[in-house]
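**Student:** The structure follows.
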Amino acid sequence: MTDPISDMLTRIRNALIANHKTVNIPSSRIKIEIANVLKEEGYIQDYRIVEEGKTKIINIALKYTESEETVIKEIHRVSKPGRRIYVKHDDIPRIKGGLGTSILSTSKGIMTGAKARSLRVGGELMCTIL
């Protein structure tokens with residue numbers, strides 16, 4: 001696997017299409033931070049780290065509305081291993097006029113685009129969520 005973050009987003013997208021309640025993802029520090037941002041922004045219910053032998057797995061509880069619609073409508077990887085996308089704090093995109101969220105990897109950690117804009121830091125534009 002050359003892009004573990006893309007794999008994480010694809011697993012979440014596929015689980016939402018199949019109406020699963022949870023999804024398991026191999027753990028890494030960056031994936032845990034992304035899951036934390038998703039929880040803070042209200043896109044997932046919760047996540048927990050499960051140890052299975054020597055490996056750690058992130059178990060993400062997906063979030064649905066009362067009418068069983070997914071909270072996450074779209075989730076896309078922007079910066080890829082073959083083409084990294086870096087933005088200045090002035091150029092951080094507003095997703096669908098502020099309805100969505102962008103996730104950046106900055107020098108101050110992984111955070112949303114709105115938080116990076118307020119802290120006036122740029123970074124790698126990892127993914128967008130709507």
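Chain labels A, B, ... are given in the sequence in which chains occur in the structure tokens; within each chain residues are numbered consecutively from 1, and ligands are likewise numbered from 1 in the order shown.
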Near range 44-54 of chain A, within 7 Å and counting only C-alpha atoms, which residues show up once chain neighbours fewer than 6 positions away are dropped, as a ChimeraX atom specification?
**Tutor:** /A:35,38,60-63
**Student:** Select from range 5-47 of chain A everything DSSP, run on the backbone, classes as strand (DSSP E), then give the selection as a PyMOL selection string.
**Tutor:** chain A and resi 22-26+44-47
**Student:** Using only C-alpha atoms, which of the listed residues (A:Ser118, A:Thr55, A:Thr128, A:Ser67) sits closest to Tyr43 in chain A?
**Tutor:**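 The shortest atom-to-atom distance to Tyr43 in chain A comes from A:Thr128.
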**Student:** Taking the backbone alone, and naming residues the way the document does, which bits of chain A are helix (DSSP H, G or I) by DSSP, as JSON, numbers by chain?
**Tutor:** {"A": [4, 5, 6, 7, 8, 9, 10, 11, 12, 13, 14, 15, 16, 17, 29, 30, 31, 32, 33, 34, 35, 36, 37, 38, 39, 40, 89, 90, 91, 95, 96, 97, 98, 113, 114, 115, 116, 117, 118, 119]}
**Student:** Give me, please, the distance in Å between CA of Gly113 in chain A and CA of Val78 in chain A, quoted to one decimal.
**Tutor:**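 Separating CA of Gly113 in chain A from CA of Val78 in chain A is a distance of 13.1 Å.
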**Student:** Can you pull out every residue within 9 Å of Arg117 in chain A, counting only C-alpha atoms, but drop anything in the same chain fewer than 5 positions away, and send it as a ChimeraX atom specification?
**Tutor:** /A:88-92,112,122
**Student:** Might you pull out every residue within 10 Å of Leu99 in chain A, with only C-alpha atoms counted and same-chain residues fewer than 5 positions away left off, and present them as a CSV table (one decimal) with N, CA and C atoms, in the first residue's frame?
**Tutor:**
```csv
chain,number,residue,atom,x,y,z
A,94,ARG,N,-12.4,27.0,1.1
A,94,ARG,CA,-13.6,26.8,1.9
A,94,ARG,C,-14.5,25.8,1.1
A,129,ILE,N,-13.9,17.0,3.3
A,129,ILE,CA,-15.1,16.3,3.7
A,129,ILE,C,-16.3,17.2,3.6
A,130,LEU,N,-17.4,16.6,3.1
A,130,LEU,CA,-18.7,17.3,3.0
A,130,LEU,C,-19.8,16.4,3.6
```
**Student:** If you measure from CA of Lys21 in chain A to CA of Glu74 in chain A, what distance in Å do you get, rounded to one decimal?
**Tutor:**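 Value for the CA of Lys21 in chain A-CA of Glu74 in chain A distance: 17.3 Å.
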**Student:** Just the residues within 12 Å of Asn14 in chain A, please, counting only C-alpha atoms, with nothing from its chain fewer than 4 positions along; format it as a ChimeraX atom specification.
**Tutor:** /A:7-10,18-24,62,70,72-75
**Student:** With N, CA and C atoms retained, could you export that selection as a compact mmCIF listing (two decimals), in the first residue's frame?
**Tutor:**
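To be explicit, this is the file written out as part.txt:
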```
# COMPACT_ATOMS: atom_id res chain seq x y z
N ASP A 7 -6.20 4.92 1.76
CA ASP A 7 -6.82 3.66 2.15
C ASP A 7 -7.82 3.87 3.28
N MET A 8 -7.47 4.69 4.26
CA MET A 8 -8.37 4.99 5.38
C MET A 8 -9.66 5.64 4.88
N LEU A 9 -9.52 6.65 4.02
CA LEU A 9 -10.69 7.35 3.51
C LEU A 9 -11.56 6.43 2.65
N THR A 10 -10.93 5.55 1.88
CA THR A 10 -11.67 4.61 1.05
C THR A 10 -12.43 3.61 1.92
N ALA A 18 -22.07 0.79 2.33
CA ALA A 18 -22.64 -0.49 2.74
C ALA A 18 -23.46 -0.38 4.03
N ASN A 19 -23.61 0.83 4.57
CA ASN A 19 -24.39 1.09 5.80
C ASN A 19 -23.88 0.31 7.01
N HIS A 20 -22.56 0.17 7.13
CA HIS A 20 -21.98 -0.46 8.31
C HIS A 20 -22.01 0.53 9.47
N LYS A 21 -22.07 0.01 10.68
CA LYS A 21 -22.05 0.86 11.88
C LYS A 21 -20.62 1.21 12.28
N THR A 22 -19.67 0.29 12.03
CA THR A 22 -18.27 0.53 12.38
C THR A 22 -17.38 0.11 11.22
N VAL A 23 -16.14 0.60 11.28
CA VAL A 23 -15.13 0.20 10.29
C VAL A 23 -13.79 0.10 11.01
N ASN A 24 -13.01 -0.91 10.66
CA ASN A 24 -11.68 -1.12 11.25
C ASN A 24 -10.61 -0.68 10.26
N LEU A 62 -19.29 4.90 12.84
CA LEU A 62 -19.80 5.85 11.86
C LEU A 62 -21.08 6.50 12.35
N THR A 70 -26.24 9.03 5.72
CA THR A 70 -24.88 9.22 6.22
C THR A 70 -24.61 10.70 6.49
N ILE A 72 -21.47 11.91 6.50
CA ILE A 72 -20.44 12.22 5.51
C ILE A 72 -21.02 11.96 4.11
N LYS A 73 -21.16 13.02 3.33
CA LYS A 73 -21.69 12.87 1.96
C LYS A 73 -20.56 12.59 0.97
N GLU A 74 -19.44 13.30 1.12
CA GLU A 74 -18.29 13.12 0.25
C GLU A 74 -17.03 13.17 1.10
N ILE A 75 -16.04 12.37 0.75
CA ILE A 75 -14.74 12.41 1.40
C ILE A 75 -13.69 12.12 0.33
```
**Student:** Pick out the residues sitting within 10 Å of Arg84 in chain A, and hand them over as a list in words; count only C-alpha atoms, and ignore anything fewer than 5 positions along from it in its own chain.
**Tutor:**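 Returned residues: Val78, Ser79, Glu124, Leu125 and Met126 of chain A.
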**Student:** What is the CA of Ser102 in chain A to CA of Tyr86 in chain A distance in Å?
**Tutor:**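 Computing it gives 12.5 Å between the two atoms.
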**Student:** Taking 3 positions as the minimum chain separation for residues in the same chain, which residues sit within 12 Å of Thr2 in chain A when counting only C-alpha atoms? Answer as a PyMOL selection string.
**Tutor:** chain A and resi 5-8+80-82
**Student:** Determine the nearest neighbour of His76 in chain A from the options A:Arg13, A:Cys127, A:Glu40, A:Pro26, counting only C-alpha atoms.
**Tutor:**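 Using only C-alpha atoms, the shortest distance to His76 in chain A belongs to A:Cys127.
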**Student:** For Arg120 in chain A, which of A:Glu69, A:Val87, A:Ile103, A:Arg77 is the closest residue, counting only C-alpha atoms?
**Tutor:**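 With only C-alpha atoms as the atom set, the closest residue is A:Val87.
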